[in-house]
Each structure stands twice: as structure tokens, then as C-alpha cells.
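Trainee: Quick one: this structure, given as C-alpha cells, is what I'll be asking you about.
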Amino acid sequence: MPRPRKCRRVCCMPPVSEFRPDGAKTQAGEPLLMTVEEYEIIRLIDWEGLSQEQAAGEMGVARSTVQRIYGEARKKLADCLVNGRSLKIGGGSYRLCSGGELCARCRHCCPSLPEHSPDAEPKT
């Protein structure tokens with residue numbers, strides 16, 4: 001029996017959850033679905049400039065997990081750019097940070113909202 005999936009700690013939800021190419025004559029298939037964890041990995045590594053090891057610490061997972069998720073997320077982004085596909089962000093196995101209690105970065109990027117409480121149920 002496989003091990004249950006560990007919830008990944010996410011600082012905050014993406015401000016925009018859907019992207020569509022502008023000017024594409026045809027839509028290349030269904031929109032790709034990027035999980036919230038994949039978004040968070042891209043944000044931490046590519047936007048914040050953290051190493052994979054630092055990102056793993058922020059999310060509470062192993063570096064090898066970050067490496068796998070990062071590879072999947074980059075492949076999806078490349079598919080969207082190269083093939084003109086839409087992208088939706090949502091779903092996954094994560095829990096929102098509590099606004100500073102779990103993650104030092106939240107002090108500057110997360111609003112203090114009730115759903116950011118440490119007792120909130122994990123999103124799936």
C-alpha cells in the first residue's frame with residue numbers, strides 16, 4: 001500500500017488562477033491544470049530565487065519532492081508557451097500557511113485572512 005501523500009505548505013493562493021494565450025487562432029486542447037503546489041514551487045524558486053533545498057524547507061517536504069514537482073511544473077509552463085495552451089491553477093494536496101506562524105516569507109506576501117489559520121482543513 002502506498003504511503004499517504006503529505007500536505008505541502010503553501011504561502012498563499014495565486015492572485016490569478018487562469019491564463020489564456022492572447023491572439024491564438026485555435027485553442028490547442030483542454031487547458032492544462034497546474035496544482036497549487038506546482039505554482040508555489042515556481043514562485044519560490046523562479047520568483048523568490050530560492051534553491052530547491054530552501055524551497056523544500058519552506059514547504060515542509062523533501063528536496064527530492066521539490067525537484068519532481070518543479071520538473072512537472074516547468075514542463076506544463078513550456079507546453080503552454082510553445083503550444084499556446086491555456087493554464088488553470090487549482091487543486092492539489094496542500095495547506096495554507098497561517099500568515100507568519102509557519103513561514104517567515106508570509107509576513108510580506110500573505111494577507112491575514114481567516115482561512116490561513118493553522119487549524120484550517122487541507123485543500124484537496
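Each chain in the C-alpha cells gets a letter, A, B, ..., in the order shown, and its residues are numbered from 1; ligands are numbered from 1 in order too.
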Which polymer residues have any atom within 10 Å of an atom of range 69-86 of chain A, counting only C-alpha atoms, with same-chain residues fewer than 5 positions away left out, as a VMD selection string?
Mentor: chain A and resid 18 to 35 37 to 42 45 to 46 52 63 to 64
Trainee: Tell me, as a VMD selection string, which residues lie within 12 Å of Val16 in chain A, counting only C-alpha atoms; anything in the same chain fewer than 5 positions away does not count.
Mentor: chain A and resid 36 39 87 to 90
Trainee: Write to file, as a tab-separated table (two decimals), in the first residue's frame, the residues of the selection just made, with N, CA, C and O atoms.
Mentor:
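Okay, this is what ended up in selection00.tsv:
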```
chain	number	residue	atom	x	y	z
A	36	VAL	N	-1.69	23.81	-7.05
A	36	VAL	CA	-1.26	24.93	-6.23
A	36	VAL	C	0.18	24.71	-5.75
A	36	VAL	O	0.97	25.65	-5.68
A	39	TYR	N	2.49	25.68	-8.55
A	39	TYR	CA	2.57	27.14	-8.59
A	39	TYR	C	3.52	27.65	-7.50
A	39	TYR	O	4.36	28.51	-7.74
A	87	LEU	N	-3.89	27.72	-19.18
A	87	LEU	CA	-3.41	27.14	-17.93
A	87	LEU	C	-4.37	27.52	-16.81
A	87	LEU	O	-4.79	28.67	-16.70
A	88	LYS	N	-4.75	26.53	-16.01
A	88	LYS	CA	-5.56	26.77	-14.82
A	88	LYS	C	-4.78	26.28	-13.61
A	88	LYS	O	-4.14	25.23	-13.66
A	89	ILE	N	-4.83	27.05	-12.53
A	89	ILE	CA	-4.15	26.68	-11.29
A	89	ILE	C	-5.21	26.33	-10.26
A	89	ILE	O	-6.12	27.11	-9.99
A	90	GLY	N	-5.11	25.15	-9.69
A	90	GLY	CA	-6.06	24.73	-8.68
A	90	GLY	C	-5.86	23.29	-8.27
A	90	GLY	O	-5.19	22.52	-8.96
```
Trainee: CA of Pro15 in chain A and CA of Ala56 in chain A are how many Å apart?
Mentor: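 Separation between CA of Pro15 in chain A and CA of Ala56 in chain A: 22.1 Å.
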Trainee: Please report, as a VMD selection string, each residue of range 1-105 of chain A to which DSSP assigns strand (DSSP E or B) when run on this structure's backbone.
Mentor: chain A and resid 8 to 10 18 to 19 32 to 34 87 to 89 94 to 96
Trainee: In Å, with one decimal, what is the gap from CA of Leu50 in chain A to CA of Ser17 in chain A?
Mentor: 22.6 Å
